[in-house]
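Visitor: Got a structure for you, run_32.cif, holding mmCIF, C-alpha atoms.
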```cif
data_upload
#
loop_
_atom_site.label_atom_id
_atom_site.label_comp_id
_atom_site.auth_asym_id
_atom_site.auth_seq_id
_atom_site.Cartn_x
_atom_site.Cartn_y
_atom_site.Cartn_z
CA MET A 17 27.99 -0.14 9.95
CA THR A 18 29.22 -3.72 10.20
CA THR A 19 27.67 -6.12 7.72
CA LYS A 20 26.76 -9.52 9.07
CA ARG A 21 28.18 -12.55 7.31
CA ASP A 22 25.95 -15.19 5.79
CA TYR A 23 24.96 -17.68 8.51
CA TYR A 24 25.68 -20.69 6.29
CA GLU A 25 29.13 -19.27 5.59
CA VAL A 26 29.71 -18.73 9.31
CA LEU A 27 28.99 -22.37 10.10
CA GLY A 28 30.67 -23.63 6.95
CA VAL A 29 27.67 -25.65 5.74
CA ASP A 30 25.52 -25.84 2.61
CA ARG A 31 22.09 -24.20 2.52
CA ASP A 32 20.43 -27.63 2.59
CA ALA A 33 22.40 -28.77 5.66
CA THR A 34 20.56 -31.09 8.04
CA ASP A 35 20.08 -30.44 11.75
CA ASP A 36 22.84 -32.94 12.56
CA GLN A 37 25.24 -31.22 10.18
CA LEU A 38 24.45 -27.82 11.70
CA LYS A 39 24.99 -29.17 15.18
CA SER A 40 28.25 -30.87 14.29
CA SER A 41 29.63 -27.73 12.66
CA TYR A 42 28.58 -25.52 15.54
CA ARG A 43 30.12 -27.94 18.06
CA LYS A 44 33.53 -27.60 16.40
CA LEU A 45 33.36 -23.81 16.26
CA ALA A 46 32.05 -23.42 19.80
CA LEU A 47 34.70 -25.75 21.21
CA ASN A 48 37.37 -23.76 19.40
CA TYR A 49 36.15 -20.25 20.30
CA HIS A 50 34.47 -20.87 23.69
CA PRO A 51 35.35 -17.88 25.96
CA ASP A 52 36.48 -20.17 28.79
CA ARG A 53 39.11 -21.60 26.46
CA ASN A 54 40.15 -18.19 25.12
CA PRO A 55 40.26 -15.81 28.12
CA GLY A 56 40.73 -12.22 27.05
CA ASN A 57 40.69 -13.05 23.33
CA LYS A 58 38.21 -10.55 21.83
CA GLU A 59 38.41 -12.05 18.35
CA ALA A 60 37.52 -15.51 19.69
CA GLU A 61 34.65 -14.00 21.68
CA GLU A 62 33.20 -12.37 18.57
CA LYS A 63 33.52 -15.58 16.55
CA PHE A 64 31.81 -17.50 19.35
CA LYS A 65 28.92 -15.01 19.37
CA GLU A 66 28.71 -15.06 15.56
CA ALA A 67 28.60 -18.88 15.41
CA SER A 68 26.05 -19.03 18.23
CA GLU A 69 23.76 -16.55 16.49
CA ALA A 70 24.03 -18.46 13.20
CA TYR A 71 23.24 -21.75 14.91
CA GLU A 72 20.33 -20.23 16.86
CA VAL A 73 18.72 -19.07 13.58
CA LEU A 74 19.38 -22.11 11.39
CA ARG A 75 18.35 -24.70 13.99
CA ASP A 76 14.93 -23.03 14.28
CA SER A 77 12.78 -23.97 11.26
CA GLN A 78 10.73 -20.75 11.33
CA LYS A 79 13.72 -18.42 11.69
CA ARG A 80 15.58 -20.40 9.03
CA ARG A 81 12.69 -20.07 6.58
CA ILE A 82 12.53 -16.28 7.14
CA TYR A 83 16.31 -15.98 6.76
CA ASN A 84 16.37 -18.06 3.56
CA GLN A 85 13.72 -15.84 2.01
CA PHE A 86 14.54 -12.36 3.34
CA GLY A 87 18.03 -12.56 4.88
CA HIS A 88 19.15 -10.63 7.96
CA GLN A 89 16.64 -7.83 7.31
CA GLY A 90 13.77 -10.30 7.43
CA LEU A 91 14.89 -11.58 10.83
CA GLU A 92 15.04 -8.05 12.19
CA GLY A 93 11.54 -7.47 10.85
CA SER A 94 10.28 -10.55 12.72
CA GLY A 95 11.72 -9.33 16.01
CA PHE A 96 15.01 -11.30 16.17
CA SER A 97 18.03 -9.09 16.83
CA GLY A 98 20.67 -11.59 17.92
CA PHE A 99 22.19 -12.12 21.36
CA SER A 100 23.08 -9.33 23.78
CA GLY A 101 25.98 -11.24 25.36
CA PHE A 102 27.33 -14.56 26.61
CA GLU A 103 24.74 -14.95 29.34
CA ASP A 104 21.99 -14.47 26.76
CA ILE A 105 23.55 -17.22 24.65
CA PHE A 106 23.90 -19.63 27.55
CA SER A 107 20.39 -18.86 28.78
CA SER A 108 18.84 -19.36 25.33
CA PHE A 109 20.61 -22.64 24.60
CA GLY A 110 20.21 -24.11 28.10
CA SER A 111 20.85 -27.83 28.04
CA ILE A 112 21.97 -27.72 24.41
CA PHE A 113 25.46 -26.83 25.63
CA GLU A 114 25.50 -29.91 27.81
CA ASP A 115 24.42 -32.02 24.85
CA ILE A 116 27.06 -30.52 22.55
CA PHE A 117 30.00 -30.28 24.92
CA GLY A 118 29.24 -32.98 27.46
CA PHE A 119 29.62 -30.44 30.27
CA GLY A 120 28.04 -27.19 31.46
CA THR A 121 29.07 -23.70 30.54
CA GLY A 122 30.60 -22.96 33.90
CA ARG A 123 28.42 -19.84 34.01
CA ARG A 124 25.09 -18.82 35.42
CA SER A 125 23.45 -15.47 35.47
CA GLY A 126 22.89 -15.32 39.21
CA SER A 127 19.32 -14.26 38.52
CA ARG A 128 16.16 -16.07 37.47
CA ALA A 129 14.83 -13.01 35.68
CA GLN A 130 14.12 -13.50 31.97
CA ARG A 131 12.78 -11.10 29.37
CA GLY A 132 9.31 -11.88 28.08
CA ALA A 133 8.77 -13.19 24.56
CA ASP A 134 8.08 -10.85 21.64
CA LEU A 135 4.73 -11.25 19.93
CA ARG A 136 3.61 -10.78 16.33
CA TYR A 137 0.15 -9.66 15.24
CA ASP A 138 -0.96 -9.48 11.59
CA LEU A 139 -3.55 -6.76 10.92
CA THR A 140 -5.42 -5.85 7.74
CA LEU A 141 -6.38 -2.20 7.19
CA ASP A 142 -8.66 -0.62 4.62
CA PHE A 143 -6.98 1.54 1.97
CA MET A 144 -8.35 4.76 3.45
CA GLN A 145 -7.31 3.81 6.99
CA ALA A 146 -3.73 3.28 5.81
CA ALA A 147 -3.67 6.41 3.65
CA LEU A 148 -5.15 8.81 6.20
CA GLY A 149 -4.07 7.14 9.45
CA THR A 150 -6.27 5.46 12.02
CA GLU A 151 -6.44 4.18 15.56
CA THR A 152 -7.82 0.73 16.26
CA GLN A 153 -7.87 -1.88 18.98
CA ILE A 154 -6.55 -5.41 18.76
CA ASP A 155 -7.31 -8.32 21.06
CA LEU A 156 -4.42 -10.44 22.30
CA GLN A 157 -4.05 -13.58 24.34
CA LYS A 158 -0.69 -13.57 26.08
CA MET A 159 1.24 -14.48 29.21
CA GLU A 160 1.54 -11.78 31.85
CA VAL A 161 2.95 -11.53 35.36
CA CYS A 162 0.78 -13.41 37.86
CA PRO A 163 -1.06 -10.82 40.00
CA SER A 164 -1.17 -13.14 43.00
CA CYS A 165 2.57 -13.69 43.44
CA GLU A 166 3.76 -10.72 41.32
CA GLY A 167 5.86 -13.10 39.25
CA SER A 168 7.76 -14.81 42.08
CA GLY A 169 5.98 -18.16 41.68
CA CYS A 170 5.62 -18.38 45.45
CA GLU A 171 2.42 -18.52 47.47
CA PRO A 172 1.88 -15.03 48.95
CA GLY A 173 3.70 -14.73 52.26
CA THR A 174 6.31 -17.37 51.33
CA TYR A 175 9.71 -17.08 49.66
CA PRO A 176 11.99 -19.25 47.51
CA GLU A 177 14.71 -21.22 49.26
CA THR A 178 18.27 -22.02 48.31
CA CYS A 179 18.41 -25.30 46.42
CA GLY A 180 19.83 -28.00 48.67
CA THR A 181 21.15 -30.06 45.76
CA CYS A 182 23.47 -27.41 44.26
CA ASN A 183 23.68 -25.05 47.27
CA GLY A 184 22.43 -22.19 45.12
CA THR A 185 25.00 -22.47 42.33
CA GLY A 186 22.56 -23.86 39.79
CA GLN A 187 25.05 -26.58 38.84
CA VAL A 188 26.32 -29.91 40.11
CA SER A 189 29.84 -31.20 39.51
CA ARG A 190 31.30 -34.62 38.87
CA SER A 191 34.71 -35.89 37.82
CA GLN A 192 35.22 -37.11 34.26
CA GLY A 193 38.82 -38.00 33.52
CA PHE A 194 40.98 -34.90 33.82
CA PHE A 195 37.93 -32.63 33.72
CA THR A 196 35.50 -31.54 36.37
CA VAL A 197 32.16 -31.75 34.60
CA ARG A 198 29.48 -29.26 35.61
CA THR A 199 25.89 -29.82 34.57
CA THR A 200 22.64 -27.98 35.26
CA CYS A 201 21.15 -28.89 38.59
CA PRO A 202 18.26 -31.30 37.92
CA HIS A 203 16.39 -30.18 41.03
CA CYS A 204 16.18 -26.41 40.41
CA SER A 205 16.86 -26.41 36.63
CA GLY A 206 19.83 -24.10 37.14
CA ASN A 207 17.98 -21.39 39.08
CA GLY A 208 19.79 -22.03 42.37
CA GLN A 209 16.49 -21.76 44.19
CA SER A 210 13.48 -23.93 44.81
CA ILE A 211 9.94 -22.94 45.67
CA PRO A 212 8.54 -24.97 48.57
CA HIS A 213 5.05 -23.43 48.33
CA LEU A 214 3.89 -22.86 44.76
CA CYS A 215 1.51 -20.02 43.95
CA LYS A 216 -1.97 -21.43 43.36
CA GLY A 217 -2.70 -18.83 40.70
CA CYS A 218 0.19 -19.70 38.35
CA LYS A 219 1.41 -23.08 39.73
CA GLY A 220 4.85 -21.56 40.30
CA ASN A 221 5.34 -20.29 36.74
CA GLY A 222 5.13 -16.63 37.70
CA GLN A 223 2.83 -16.01 34.72
CA VAL A 224 -0.83 -16.49 33.77
CA MET A 225 -2.60 -16.38 30.41
CA VAL A 226 -4.73 -13.26 29.97
CA ASN A 227 -6.86 -11.63 27.27
CA LYS A 228 -5.88 -8.02 26.65
CA THR A 229 -7.07 -5.26 24.32
CA VAL A 230 -4.32 -2.97 23.01
CA SER A 231 -4.94 0.38 21.31
CA VAL A 232 -2.74 0.93 18.26
CA LYS A 233 -2.37 4.24 16.42
CA PHE A 234 -1.23 4.05 12.79
CA PRO A 235 0.22 7.16 11.13
CA ALA A 236 -1.02 8.26 7.72
CA GLY A 237 0.93 6.59 4.93
CA VAL A 238 1.48 3.06 6.27
CA ASP A 239 1.44 0.38 3.59
CA SER A 240 1.50 -3.39 3.25
CA GLY A 241 4.70 -4.65 4.84
CA SER A 242 4.90 -1.79 7.34
CA ARG A 243 5.67 -2.86 10.90
CA LEU A 244 4.85 -1.10 14.15
CA ARG A 245 6.67 -1.95 17.37
CA LEU A 246 4.83 -1.50 20.65
CA THR A 247 7.45 -1.58 23.38
CA GLY A 248 6.50 -3.62 26.42
CA GLU A 249 3.28 -5.03 24.94
CA GLY A 250 4.68 -8.52 24.40
CA GLU A 251 4.52 -11.29 26.97
CA GLY A 252 5.43 -10.47 30.55
CA GLY A 253 8.90 -11.19 31.86
CA VAL A 254 9.61 -14.21 34.03
CA TYR A 255 10.60 -13.75 37.68
CA GLY A 256 10.92 -9.99 37.44
CA GLY A 257 12.32 -9.80 33.91
CA PRO A 258 11.18 -7.02 31.53
CA PRO A 259 8.27 -7.64 29.13
CA GLY A 260 8.79 -8.35 25.46
CA ASP A 261 7.55 -6.20 22.59
CA LEU A 262 4.56 -6.49 20.26
CA TYR A 263 5.19 -6.22 16.51
CA VAL A 264 2.15 -5.39 14.37
CA PHE A 265 2.59 -6.29 10.69
CA ILE A 266 0.24 -4.49 8.29
CA ASN A 267 -1.55 -5.63 5.16
CA VAL A 268 -3.64 -3.09 3.21
CA LYS A 269 -6.72 -3.98 1.18
CA PRO A 270 -6.90 -2.69 -2.41
CA HIS A 271 -9.30 0.17 -3.20
CA GLU A 272 -12.02 0.04 -5.84
CA TYR A 273 -11.07 3.46 -7.26
CA PHE A 274 -7.55 4.43 -6.16
CA GLN A 275 -4.29 2.63 -6.80
CA ARG A 276 -1.17 3.42 -4.79
CA ASP A 277 2.30 4.00 -6.24
CA ASN A 278 4.62 4.84 -3.31
CA ILE A 279 3.14 8.16 -2.12
CA ASP A 280 1.26 8.93 -5.35
CA ILE A 281 -2.23 7.64 -6.08
CA HIS A 282 -3.71 6.89 -9.50
CA CYS A 283 -7.31 6.86 -10.66
CA GLN A 284 -9.31 6.85 -13.90
CA VAL A 285 -12.30 8.98 -14.90
CA GLU A 286 -14.64 8.55 -17.84
CA ILE A 287 -15.78 11.46 -20.02
CA SER A 288 -17.79 11.62 -23.21
CA PHE A 289 -16.18 12.40 -26.53
CA ILE A 290 -18.20 15.64 -26.53
CA GLN A 291 -16.55 16.67 -23.23
CA ALA A 292 -13.19 15.67 -24.64
CA ALA A 293 -13.73 17.70 -27.81
CA LEU A 294 -15.27 20.82 -26.28
CA GLY A 295 -13.74 20.75 -22.79
CA ASP A 296 -15.59 20.65 -19.46
CA SER A 297 -15.31 20.90 -15.68
CA ILE A 298 -15.86 17.63 -13.81
CA SER A 299 -15.82 16.58 -10.15
CA VAL A 300 -13.17 13.99 -9.19
CA PRO A 301 -13.02 12.11 -5.85
CA THR A 302 -9.86 12.65 -3.76
CA LEU A 303 -8.67 11.02 -0.54
CA ASN A 304 -10.33 13.73 1.53
CA SER A 305 -13.33 14.92 -0.51
CA LYS A 306 -13.87 15.99 -4.13
CA LYS A 307 -12.07 18.41 -6.41
CA THR A 308 -12.87 20.08 -9.73
CA LEU A 309 -10.81 18.98 -12.75
CA GLU A 310 -10.72 21.23 -15.80
CA ILE A 311 -10.85 19.16 -18.99
CA PRO A 312 -9.33 21.19 -21.86
CA LYS A 313 -10.85 20.96 -25.33
CA GLY A 314 -9.20 18.41 -27.57
CA THR A 315 -8.39 16.01 -24.70
CA GLN A 316 -7.26 12.62 -25.99
CA PRO A 317 -7.83 9.10 -24.53
CA GLY A 318 -5.21 8.29 -21.90
CA ASP A 319 -4.24 11.91 -21.17
CA LEU A 320 -2.99 12.39 -17.61
CA PHE A 321 -3.83 15.20 -15.20
CA ARG A 322 -2.37 15.83 -11.74
CA PHE A 323 -3.61 17.17 -8.43
CA ARG A 324 -0.48 18.33 -6.61
CA ASN A 325 -0.09 17.30 -2.93
CA ASN A 326 -3.28 15.25 -2.95
CA GLY A 327 -1.60 11.87 -2.57
CA ILE A 328 -0.39 9.97 0.50
CA PRO A 329 1.92 11.46 3.16
CA SER A 330 5.46 10.11 3.32
CA LEU A 331 6.23 8.35 6.61
CA LYS A 332 9.75 9.83 6.52
CA THR A 333 9.15 13.46 5.51
CA GLY A 334 5.39 14.02 5.84
CA GLN A 335 5.37 15.43 2.27
CA ARG A 336 2.28 14.33 0.34
CA GLY A 337 2.45 12.79 -3.10
CA ASP A 338 0.20 13.63 -6.04
CA GLN A 339 -3.08 12.32 -7.38
CA ILE A 340 -2.72 11.35 -11.04
CA ILE A 341 -5.92 11.13 -13.10
CA GLN A 342 -6.10 9.27 -16.40
CA VAL A 343 -8.91 10.20 -18.79
CA LEU A 344 -10.95 7.47 -20.48
CA ILE A 345 -13.23 8.58 -23.32
CA LYS A 346 -16.47 6.66 -23.41
CA THR A 347 -18.02 5.89 -26.80
CA PRO A 348 -21.84 5.90 -26.74
CA THR A 349 -23.51 2.58 -27.60
CA ASN A 350 -27.27 3.19 -27.58
CA ILE A 351 -28.00 6.26 -29.69
CA THR A 352 -31.20 7.51 -31.26
CA LYS A 353 -31.87 8.04 -34.99
CA LYS A 354 -31.53 11.77 -34.52
CA GLN A 355 -28.17 11.34 -32.82
CA LYS A 356 -27.03 9.08 -35.65
CA SER A 357 -28.08 11.69 -38.18
CA LEU A 358 -26.22 14.42 -36.34
CA LEU A 359 -23.10 12.29 -36.08
CA ARG A 360 -23.18 11.54 -39.81
CA GLU A 361 -23.59 15.25 -40.51
CA PHE A 362 -20.66 15.93 -38.19
CA ASP A 363 -18.62 13.36 -40.10
CA LYS A 364 -19.47 14.99 -43.45
CA ILE A 365 -18.31 18.36 -42.23
CA GLY A 366 -14.83 16.90 -42.05
CA ASN A 367 -13.88 16.07 -38.48
CA ASN A 368 -13.27 12.43 -39.52
CA LYS A 369 -11.64 12.99 -42.91
CA MET A 370 -9.26 10.38 -44.21
CA SER A 371 -5.69 11.40 -43.50
CA SER A 372 -3.60 12.66 -46.43
CA LYS A 373 -1.17 9.78 -45.86
CA LEU A 374 -3.90 7.18 -46.40
CA LYS A 375 -5.19 9.06 -49.42
CA ASN A 376 -1.74 8.94 -50.98
CA ILE A 377 -1.53 5.21 -50.35
CA PHE A 378 -4.79 4.56 -52.18
CA ARG A 379 -3.92 7.01 -54.91
CA ASP A 380 -0.61 5.19 -55.59
CA GLY A 381 -2.37 1.81 -55.71
CA SER A 382 -0.38 0.44 -52.79
CA ALA A 383 -3.52 -0.74 -51.03
CA LYS A 384 -5.86 -2.95 -53.04
CA THR A 385 -9.11 -4.62 -52.20
CA GLY A 386 -9.55 -8.34 -52.82
#
```
Please re-express this file's structure in structure tokens.

Guide:
Amino acid sequence: MTTKRDYYEVLGVDRDATDDQLKSSYRKLALNYHPDRNPGNKEAEEKFKEASEAYEVLRDSQKRRIYNQFGHQGLEGSGFSGFSGFEDIFSSFGSIFEDIFGFGTGRRSGSRAQRGADLRYDLTLDFMQAALGTETQIDLQKMEVCPSCEGSGCEPGTYPETCGTCNGTGQVSRSQGFFTVRTTCPHCSGNGQSIPHLCKGCKGNGQVMVNKTVSVKFPAGVDSGSRLRLTGEGEGGVYGGPPGDLYVFINVKPHEYFQRDNIDIHCQVEISFIQAALGDSISVPTLNSKKTLEIPKGTQPGDLFRFRNNGIPSLKTGQRGDQIIQVLIKTPTNITKKQKSLLREFDKIGNNKMSSKLKNIFRDGSAKTG
């Protein structure tokens, strides 16, 4: 697997570089490695794509913040996966190329179709929902294909026409010294077509804002930071393009009794010192119900017990972790005179005798009272 280089290294700038510095650096690299200037040069093509991806991330304040904090993996988690090719680069940058180079790219896709935007939704689940799995519904407000014109932007019964300004090329040319400068057509914005009769439902945009409820099923074992991708549930494509995806990022509330450690869960139970001394059978809550825990005689504070395969399922293997129970021994506070008398009698019998080590210390005079 190829490892991506650091974006700041790609552009040759410091991590605190300004927008102007980023733009200046990218301009030099793009001029040098532009595919029209390096026909058939695969290495130049890859460097052009690499520089374009780096500039696309670092010029966007939100993407740059994610990258600075989490690196390439963080960008992938937010839905950014780079460019698919040159046309994707030229389409994404649009007029930026004209601003940087002073002329157009000399390319157009030949199609108005554009993929819809990806969406992010942050959802909070209860501990038990995440541990055992759940299905819930989320409400979204997003752009979808206009039902009136089916995304064409035209009034039903009408069709787009070839742009008379650029004759359908999407670009206009003018002479500038030894170069023929091509810029995006100002009339059709590079589409090569114009719409004489705009759809009344979407005003020619091909999309309308809608409220939609989406059902999401979460497998058992999801945790804070988990991400679910719902293909095709993002915003609708433009002019026949495919829809984007919906990314659901999960946050899990803490539980009042259980604590999670990967696929294991931890809990604490209180027992009396009588139960600890003599042993007992107690009922302990689990993720699914309750289970009997055998307390052996002579149990000490902090002792750990384990219920095998009673933890959380692994998302990768399905294997369940364990439930680990820590014993806390509760000392009674409000006791009756009779209980006090019995405890003193118990103490006299010898269960709380001074250790031989302490006796030796006092016998040798090493410990003295003031």

Visitor: Expand the PyMOL selection byres ((chain A and resi 141) around 10) into the explicit residue set it covers here, and present it as a list in words.

Guide: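 Answer for the PyMOL selection byres ((chain A and resi 141) around 10): Leu139, Thr140, Asp142, Phe143, Met144, Gln145, Ala146, Ala147, Gly149, Thr150, Thr152, Phe234, Val238, Asp239, Ser240, Ile266, Asn267, Val268, Lys269 and Pro270 of chain A.
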
Visitor: Convert the output of the PyMOL selection byres ((chain A and resi 318-333) around 7) on the shown file into explicit residues, formatted as a PyMOL selection string.

Guide: chain A and resi 147+236-237+279-281+315-317+334-344

Visitor: I'd like the contact shell of region 209-214 of chain A - 7 Å cut-off, all atoms listed in the file, skipping same-chain residues fewer than 4 positions apart - returned as a ChimeraX atom specification.

Guide: /A:169-171,174,176-179,184,204,219-220

Visitor: Any idea what's packed within 7 Å of His203 (chain A), counting all atoms listed in the file, ignoring anything in its chain fewer than 2 positions away? Could you give it as JSON, numbers by chain?

Guide: {"A": [181, 201, 205]}

Visitor: How big is the axis-aligned box around the listed atoms of region 228-236 of chain A once 5 Å is added on each side, and where is its centre? Give both in Å to one decimal, as AutoDock Vina command-line options.

Guide:
```
--center_x -3.4 --center_y 0.1 --center_z 17.2 --size_x 17.3 --size_y 26.3 --size_z 28.9
```

Visitor: How far is it from CA of Ser40 (chain A) to CA of Lys79 (chain A), in Å with one decimal?

Guide: 19.3 Å

Visitor: Can you translate the PyMOL selection byres ((chain A and resi 153) around 10) into the concrete residues it hits in this file, as a list of chain:residue names?

Guide: A:Glu151, A:Thr152, A:Ile154, A:Asp155, A:Leu156, A:Thr229, A:Val230, A:Ser231, A:Val232, A:Lys233

Visitor: Counting all atoms listed in the file, which residues sit no farther than 10 Å from the position (8.9, -8.7, 30.6) in the file's frame? I'd like them as a PDB file with C-alpha atoms, keeping the file's coordinate frame.

Guide:
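File written: point09.pdb
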```
ATOM      1  CA  ALA A 129      14.830 -13.010  35.680  1.00  0.00           C
ATOM      2  CA  GLN A 130      14.120 -13.500  31.970  1.00  0.00           C
ATOM      3  CA  ARG A 131      12.780 -11.100  29.370  1.00  0.00           C
ATOM      4  CA  GLY A 132       9.310 -11.880  28.080  1.00  0.00           C
ATOM      5  CA  ALA A 133       8.770 -13.190  24.560  1.00  0.00           C
ATOM      6  CA  ASP A 134       8.080 -10.850  21.640  1.00  0.00           C
ATOM      7  CA  MET A 159       1.240 -14.480  29.210  1.00  0.00           C
ATOM      8  CA  GLU A 160       1.540 -11.780  31.850  1.00  0.00           C
ATOM      9  CA  VAL A 161       2.950 -11.530  35.360  1.00  0.00           C
ATOM     10  CA  GLY A 248       6.500  -3.620  26.420  1.00  0.00           C
ATOM     11  CA  GLU A 249       3.280  -5.030  24.940  1.00  0.00           C
ATOM     12  CA  GLY A 250       4.680  -8.520  24.400  1.00  0.00           C
ATOM     13  CA  GLU A 251       4.520 -11.290  26.970  1.00  0.00           C
ATOM     14  CA  GLY A 252       5.430 -10.470  30.550  1.00  0.00           C
ATOM     15  CA  GLY A 253       8.900 -11.190  31.860  1.00  0.00           C
ATOM     16  CA  VAL A 254       9.610 -14.210  34.030  1.00  0.00           C
ATOM     17  CA  TYR A 255      10.600 -13.750  37.680  1.00  0.00           C
ATOM     18  CA  GLY A 256      10.920  -9.990  37.440  1.00  0.00           C
ATOM     19  CA  GLY A 257      12.320  -9.800  33.910  1.00  0.00           C
ATOM     20  CA  PRO A 258      11.180  -7.020  31.530  1.00  0.00           C
ATOM     21  CA  PRO A 259       8.270  -7.640  29.130  1.00  0.00           C
ATOM     22  CA  GLY A 260       8.790  -8.350  25.460  1.00  0.00           C
ATOM     23  CA  ASP A 261       7.550  -6.200  22.590  1.00  0.00           C
TER      24      ASP A 261
END
```

Visitor: Up to 12 Å from (-15.8, 10.7, 2.3) in the file's coordinates: name the residues, counting only C-alpha atoms, as a ChimeraX atom specification.

Guide: /A:144-145,148,301-306

Visitor: From the list A:Leu135, A:Val73, A:Lys364, A:His50, which residue is nearest Leu91 (chain A) when using all atoms listed in the file?

Guide: A:Val73

Visitor: Expressed in Å to a single decimal, how great is the separation between CA of Arg198 (chain A) and CA of Gly186 (chain A)?

Guide: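 The value is 9.7 Å.
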
Visitor: Could you jot down the CA of Ala293 (chain A) to CA of Lys307 (chain A) separation for me, Å, one decimal place?

Guide: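 Taking CA of Ala293 (chain A) and CA of Lys307 (chain A), their separation equals 21.5 Å.
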
Visitor: Ile82 (chain A): which residues within 10 Å, counting only C-alpha atoms, same-chain residues fewer than 4 positions away excluded, as a ChimeraX atom specification?

Guide: /A:73-74,77-78,86-94

Visitor: Determine the nearest neighbour of Glu166 (chain A) from the options A:Thr347, A:Asn221, A:Ser357, A:Ser242, counting only C-alpha atoms.

Guide: A:Asn221

Visitor: Please provide as an MDAnalysis selection string all residues within 8 Å of Phe265 (chain A), with the sequence filter that same-chain residues fewer than 2 positions apart are discarded (counting only C-alpha atoms).

Guide: chainID A and resid 136:139 241:244 263 267
